[in-house]
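One structure below.
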Amino acid sequence: MTVSTHADAVPSHSALRAAGLGLLVLFAAGCSSIVGKATQRLADNLGSAVLNADDPSTVRDGLPAYLLLLDGLLEGDPENVGTLLAAANLNGAYAGNFTGSDAARAQRLAAKALAYAKRATCLEEDALCATLEGNPDDFAAALKGVGDERIGLMYGLAAAWAGYIQANRDDWGAVADLPKVEALLQRVVAIDANHDGGLPLVYLGVLNSLRPEAVGGKPELGKAYFQQAIDASEGRNLYAKTLMAEFHARLVFDQALHDRLLNEVLAADPKAPRYTLMNTLAQVRAKALLESGKDYF
């Protein structure tokens, strides 16, 4: 999902773009995974500062320098799994949230993010690596052999892959890999439903709310995932409510739920530890959804 960093911009409502929702927050978690005592404190502090920022434009303008720093670190240590995942998360975050209408740039950064995540996967999990380009059934079978301790690796791969699909949503070859992304997310949730504040649950909420029940969608399951995500953050993640309104409530034409959720988002204080930036963006999106909802319902 591309979220504009300009306050007066109207966010896109494309379903596959929204599948990449969590990318903006994911990169900060990845920042702290960089190995090395000299950079650890800087990485941790930067991640916290970004998540707690209330000015998306400042984040947009400042992050490219850190993206280049990660690329430089990988030049000297190309098999550092922690740095690979951090670079995957940051490139995906920037591609999904700060490239605006520049589709070609978003695609380049998303492809780079996925390449980094796949490299990390192949360094850690040979069997899963061998199925990355194969069919979903073989991938799911290999995924069962990955240990629970690899939750960060699985989540990083899922996020980067969702971002790549988002940036290439008109490419049916890319979209065909959605079952692999869902399998990764389900595995993460099975290990820890509250991982990263419940963001994997938000992904699953969107994925299960893309189609009506009559054509294979699972709107009630999507609703349950969204509610789990809201509960996981104790209500602090306002984006879970915003996307629940946009994808579930609109899918089932429940205007009362739609408007209630969005009004709750707009009435809430966006400042919350590690959620402020996402909440600020969620309120921009909620305002646009309330306005467009007058014509939708």
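Naming works like this for the structure tokens: A, B, ... for the chains as they're shown, residue 1 at the start of each chain, ligands 1 onward in shown order.
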
At a cut-off of 12 Å, using only C-alpha atoms, what residues contact Gly152 of chain A? Leave out same-chain residues fewer than 5 positions from it and give the result as a short mmCIF file (atom, residue, chain, number, x, y, z; two decimals) with N, CA and C atoms, in the first residue's frame.
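Contents of part-v1.cif, as written:
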```
data_model
loop_
_atom_site.label_atom_id
_atom_site.label_comp_id
_atom_site.auth_asym_id
_atom_site.auth_seq_id
_atom_site.Cartn_x
_atom_site.Cartn_y
_atom_site.Cartn_z
N LEU A 26 7.62 -2.02 9.78
CA LEU A 26 8.52 -3.17 9.78
C LEU A 26 9.98 -2.77 9.68
N PHE A 27 10.28 -1.73 8.90
CA PHE A 27 11.68 -1.42 8.70
C PHE A 27 12.35 -1.01 10.00
N ALA A 29 11.78 -2.16 12.99
CA ALA A 29 12.15 -3.38 13.70
C ALA A 29 13.40 -3.98 13.09
N GLY A 30 13.49 -3.91 11.75
CA GLY A 30 14.66 -4.43 11.08
C GLY A 30 15.91 -3.63 11.40
N SER A 32 16.95 -2.44 14.09
CA SER A 32 17.58 -2.85 15.33
C SER A 32 18.24 -4.22 15.24
N SER A 33 18.08 -4.89 14.09
CA SER A 33 18.66 -6.22 13.94
C SER A 33 20.07 -6.18 13.37
N VAL A 81 23.13 -11.74 7.82
CA VAL A 81 21.68 -11.94 7.73
C VAL A 81 20.92 -10.80 8.39
N GLY A 82 21.39 -10.33 9.55
CA GLY A 82 20.71 -9.24 10.22
C GLY A 82 20.66 -7.99 9.37
N LEU A 84 20.99 -7.86 6.08
CA LEU A 84 20.17 -8.13 4.91
C LEU A 84 18.68 -7.90 5.21
N LEU A 85 18.24 -8.38 6.37
CA LEU A 85 16.83 -8.20 6.73
C LEU A 85 16.51 -6.74 7.01
N ALA A 86 17.46 -6.04 7.65
CA ALA A 86 17.25 -4.61 7.89
C ALA A 86 17.13 -3.86 6.57
N ASN A 89 13.79 -4.64 4.91
CA ASN A 89 12.69 -3.93 5.56
C ASN A 89 12.67 -2.45 5.20
N ALA A 117 15.79 -10.05 1.15
CA ALA A 117 15.11 -11.00 2.03
C ALA A 117 15.34 -12.44 1.57
N ALA A 120 18.84 -13.50 2.54
CA ALA A 120 18.89 -13.86 3.96
C ALA A 120 18.30 -15.25 4.18
N THR A 121 17.19 -15.51 3.51
CA THR A 121 16.53 -16.82 3.64
C THR A 121 17.45 -17.95 3.17
N GLU A 124 20.14 -18.97 5.60
CA GLU A 124 19.69 -19.62 6.83
C GLU A 124 18.93 -20.91 6.61
N VAL A 146 10.95 -25.16 9.00
CA VAL A 146 11.67 -24.00 9.54
C VAL A 146 11.37 -23.88 11.03
N GLY A 147 12.39 -23.72 11.83
CA GLY A 147 12.20 -23.63 13.28
C GLY A 147 11.54 -22.35 13.72
N LEU A 157 10.72 -11.87 5.29
CA LEU A 157 10.47 -12.34 3.93
C LEU A 157 9.03 -12.05 3.52
N ALA A 158 8.08 -12.29 4.42
CA ALA A 158 6.68 -12.02 4.11
C ALA A 158 6.44 -10.55 3.79
N ALA A 159 7.03 -9.66 4.58
CA ALA A 159 6.84 -8.23 4.38
C ALA A 159 7.43 -7.77 3.05
N LEU A 184 3.49 -17.72 5.06
CA LEU A 184 4.49 -17.16 5.96
C LEU A 184 3.84 -16.43 7.13
N LEU A 185 2.85 -15.62 6.83
CA LEU A 185 2.18 -14.84 7.87
C LEU A 185 1.44 -15.74 8.86
N ARG A 187 2.22 -18.74 9.63
CA ARG A 187 3.23 -19.40 10.46
C ARG A 187 3.72 -18.46 11.56
N VAL A 188 3.95 -17.19 11.20
CA VAL A 188 4.38 -16.20 12.20
C VAL A 188 3.34 -16.05 13.29
N VAL A 189 2.08 -15.95 12.90
CA VAL A 189 1.00 -15.78 13.87
C VAL A 189 0.86 -17.02 14.75
N ILE A 191 3.23 -18.89 15.74
CA ILE A 191 4.32 -18.85 16.72
C ILE A 191 4.07 -17.78 17.77
N ASP A 192 3.67 -16.60 17.32
CA ASP A 192 3.44 -15.48 18.25
C ASP A 192 2.43 -14.53 17.62
N HIS A 195 3.29 -10.81 17.57
CA HIS A 195 4.58 -10.41 17.03
C HIS A 195 4.50 -9.03 16.38
N ASP A 196 5.47 -8.18 16.70
CA ASP A 196 5.53 -6.82 16.16
C ASP A 196 4.22 -6.06 16.34
N PRO A 200 1.40 -8.74 11.72
CA PRO A 200 1.09 -9.86 10.81
C PRO A 200 -0.41 -10.14 10.73
#
```

>> Please extract the residues of segment 62-223 of chain A with a backbone DSSP assignment of alpha helix (DSSP H) and present them as a PyMOL selection string.
In response: chain A and resi 62-76+81-97+103-124+126-129+136-143+151-167+172-175+178-191+199-207+219-223

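Across A:Lys223, A:Val181, A:Thr131, A:Ile230, the tightest approach to Asn194 of chain A is made by A:Ile230 when counting only C-alpha atoms.
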
Neighbours of segment 284-286 of chain A within 7 Å (only C-alpha atoms; same-chain residues fewer than 2 positions away dropped), as a short mmCIF file (atom, residue, chain, number, x, y, z; two decimals) with N, CA, C and O atoms, in the first residue's frame?
```cif
data_model
loop_
_atom_site.label_atom_id
_atom_site.label_comp_id
_atom_site.auth_asym_id
_atom_site.auth_seq_id
_atom_site.Cartn_x
_atom_site.Cartn_y
_atom_site.Cartn_z
N ALA A 7 -0.20 15.67 3.72
CA ALA A 7 -1.42 15.66 4.51
C ALA A 7 -2.65 15.86 3.67
O ALA A 7 -3.74 15.41 4.01
N PRO A 11 -5.29 8.91 -0.08
CA PRO A 11 -4.64 7.60 -0.23
C PRO A 11 -5.36 6.74 -1.24
O PRO A 11 -6.57 6.85 -1.45
N THR A 242 -8.38 1.48 10.86
CA THR A 242 -8.59 2.14 9.57
C THR A 242 -8.75 1.12 8.46
O THR A 242 -9.65 1.21 7.62
N LEU A 262 -13.73 4.58 11.93
CA LEU A 262 -12.98 5.74 11.45
C LEU A 262 -13.11 6.93 12.40
O LEU A 262 -12.13 7.67 12.62
N VAL A 265 -10.77 6.39 15.22
CA VAL A 265 -9.40 6.70 14.83
C VAL A 265 -9.14 8.20 14.88
O VAL A 265 -8.14 8.67 15.43
N LEU A 266 -10.08 8.97 14.34
CA LEU A 266 -9.89 10.42 14.30
C LEU A 266 -9.96 11.05 15.68
O LEU A 266 -9.33 12.09 15.93
N THR A 280 -0.41 8.61 12.78
CA THR A 280 -0.57 9.87 12.06
C THR A 280 -1.02 9.60 10.63
O THR A 280 -1.94 10.26 10.11
N LEU A 281 -0.40 8.63 9.99
CA LEU A 281 -0.80 8.25 8.64
C LEU A 281 -2.21 7.64 8.63
O LEU A 281 -2.98 7.85 7.69
N ALA A 282 -2.54 6.89 9.66
CA ALA A 282 -3.86 6.27 9.74
C ALA A 282 -4.95 7.33 9.82
O ALA A 282 -6.03 7.16 9.23
N ALA A 288 -9.94 10.64 4.75
CA ALA A 288 -10.29 10.46 3.35
C ALA A 288 -11.35 9.38 3.17
O ALA A 288 -12.26 9.51 2.33
N LEU A 289 -11.27 8.32 3.96
CA LEU A 289 -12.25 7.24 3.85
C LEU A 289 -13.64 7.68 4.29
O LEU A 289 -14.64 7.29 3.69
N LEU A 290 -13.70 8.46 5.34
CA LEU A 290 -15.00 8.97 5.79
C LEU A 290 -15.64 9.83 4.70
O LEU A 290 -16.85 9.73 4.45
#
```

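Of the listed residues (A:Glu182, A:Gln283, A:Ala190, A:Gly156), A:Gln283 comes nearest to Tyr239 of chain A; the distances count only C-alpha atoms.
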
> So, counting only C-alpha atoms, which residue among A:Val252, A:Ala245, A:Met154, A:Ala113 is closest to Cys129 of chain A?
Replying inline: A:Met154

>> Can you pull out the residues contacting Leu128 of chain A? Cut-off 12 Å, using only C-alpha atoms, and skip same-chain residues under 2 positions away; I want them as an MDAnalysis selection string.
In response: chainID A and resid 118:126 130:147 150 153:154 157 180 184

>> For Asn279 of chain A, find every residue with an atom within 6 Å (counting only C-alpha atoms), except residues of its own chain fewer than 3 positions away, and show them as JSON, numbers by chain.
In response: {"A": [238, 270, 275, 276, 282]}

Filtering to all heavy atoms, could you give me those residues as a tab-separated table (two decimals), in the first residue's frame?
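Listed below is the output, result_7.tsv:
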```tsv
chain	number	residue	atom	x	y	z
A	238	LEU	N	-3.78	2.43	15.43
A	238	LEU	CA	-4.98	2.96	14.80
A	238	LEU	C	-5.13	2.48	13.36
A	238	LEU	O	-6.22	2.47	12.81
A	238	LEU	CB	-4.96	4.49	14.83
A	238	LEU	CG	-4.90	5.13	16.22
A	238	LEU	CD1	-4.94	6.66	16.10
A	238	LEU	CD2	-6.04	4.63	17.11
A	270	PRO	N	-2.97	10.30	18.49
A	270	PRO	CA	-2.07	9.47	17.68
A	270	PRO	C	-0.76	9.15	18.37
A	270	PRO	O	-0.06	8.22	17.95
A	270	PRO	CB	-1.84	10.31	16.43
A	270	PRO	CG	-2.00	11.72	16.90
A	270	PRO	CD	-3.11	11.66	17.94
A	275	TYR	N	4.05	3.76	17.84
A	275	TYR	CA	2.93	3.77	16.91
A	275	TYR	C	2.62	5.16	16.35
A	275	TYR	O	1.76	5.30	15.49
A	275	TYR	CB	1.65	3.25	17.60
A	275	TYR	CG	1.66	1.77	17.90
A	275	TYR	CD1	1.95	1.31	19.18
A	275	TYR	CD2	1.37	0.84	16.92
A	275	TYR	CE1	1.95	-0.04	19.47
A	275	TYR	CE2	1.37	-0.52	17.20
A	275	TYR	CZ	1.66	-0.96	18.47
A	275	TYR	OH	1.67	-2.29	18.75
A	276	THR	N	3.30	6.19	16.80
A	276	THR	CA	2.91	7.56	16.45
A	276	THR	C	2.91	7.82	14.95
A	276	THR	O	1.96	8.40	14.41
A	276	THR	CB	3.83	8.57	17.16
A	276	THR	OG1	3.71	8.40	18.57
A	276	THR	CG2	3.44	10.00	16.80
A	282	ALA	N	-2.54	6.89	9.66
A	282	ALA	CA	-3.86	6.27	9.74
A	282	ALA	C	-4.95	7.33	9.82
A	282	ALA	O	-6.03	7.16	9.23
A	282	ALA	CB	-3.93	5.36	10.97
```

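Atom pair atom CA of Trp161 of chain A / atom CA of Asn237 of chain A has a distance of 22.6 Å (rounded to one decimal).
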
>> What's around Ala229 of chain A at 6 Å? Count only C-alpha atoms, leave out sequence neighbours fewer than 4 positions away in its own chain, and write the answer as a ChimeraX atom specification.
In response: /A:198,201-202

Atoms kept (N, CA and C atoms) for selection, written as an mmCIF file, in the first residue's frame:
```
data_model
loop_
_atom_site.group_PDB
_atom_site.id
_atom_site.type_symbol
_atom_site.label_atom_id
_atom_site.label_comp_id
_atom_site.auth_asym_id
_atom_site.auth_seq_id
_atom_site.Cartn_x
_atom_site.Cartn_y
_atom_site.Cartn_z
ATOM 1 N N GLY A 198 1.271 -7.147 16.564
ATOM 2 C CA GLY A 198 0.115 -7.715 15.865
ATOM 3 C C GLY A 198 0.035 -7.361 14.396
ATOM 4 N N LEU A 201 -1.105 -9.892 11.825
ATOM 5 C CA LEU A 201 -2.559 -10.076 11.829
ATOM 6 C C LEU A 201 -3.254 -9.057 10.927
ATOM 7 N N VAL A 202 -2.706 -7.844 10.860
ATOM 8 C CA VAL A 202 -3.275 -6.828 9.975
ATOM 9 C C VAL A 202 -3.125 -7.267 8.520
#
```

>> Neighbouring residues of Asp61 of chain A were defined as those with any atom within 12 Å, considering only C-alpha atoms; residues of the same chain fewer than 2 positions away were excluded. Please report them as an NGL selection string.
In response: :A and (5 or 50 or 55-59 or 63-67 or 94 or 97-99)

> So how many Å separate atom CA of Gly197 of chain A and atom CA of Gln107 of chain A, to one decimal?
Replying inline: 27.2 Å

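With only C-alpha atoms as the atoms that count, the minimum distance from Gly100 of chain A to the choices A:Leu114, A:Ala167, A:Arg211, A:Asp177 is reached by A:Ala167.
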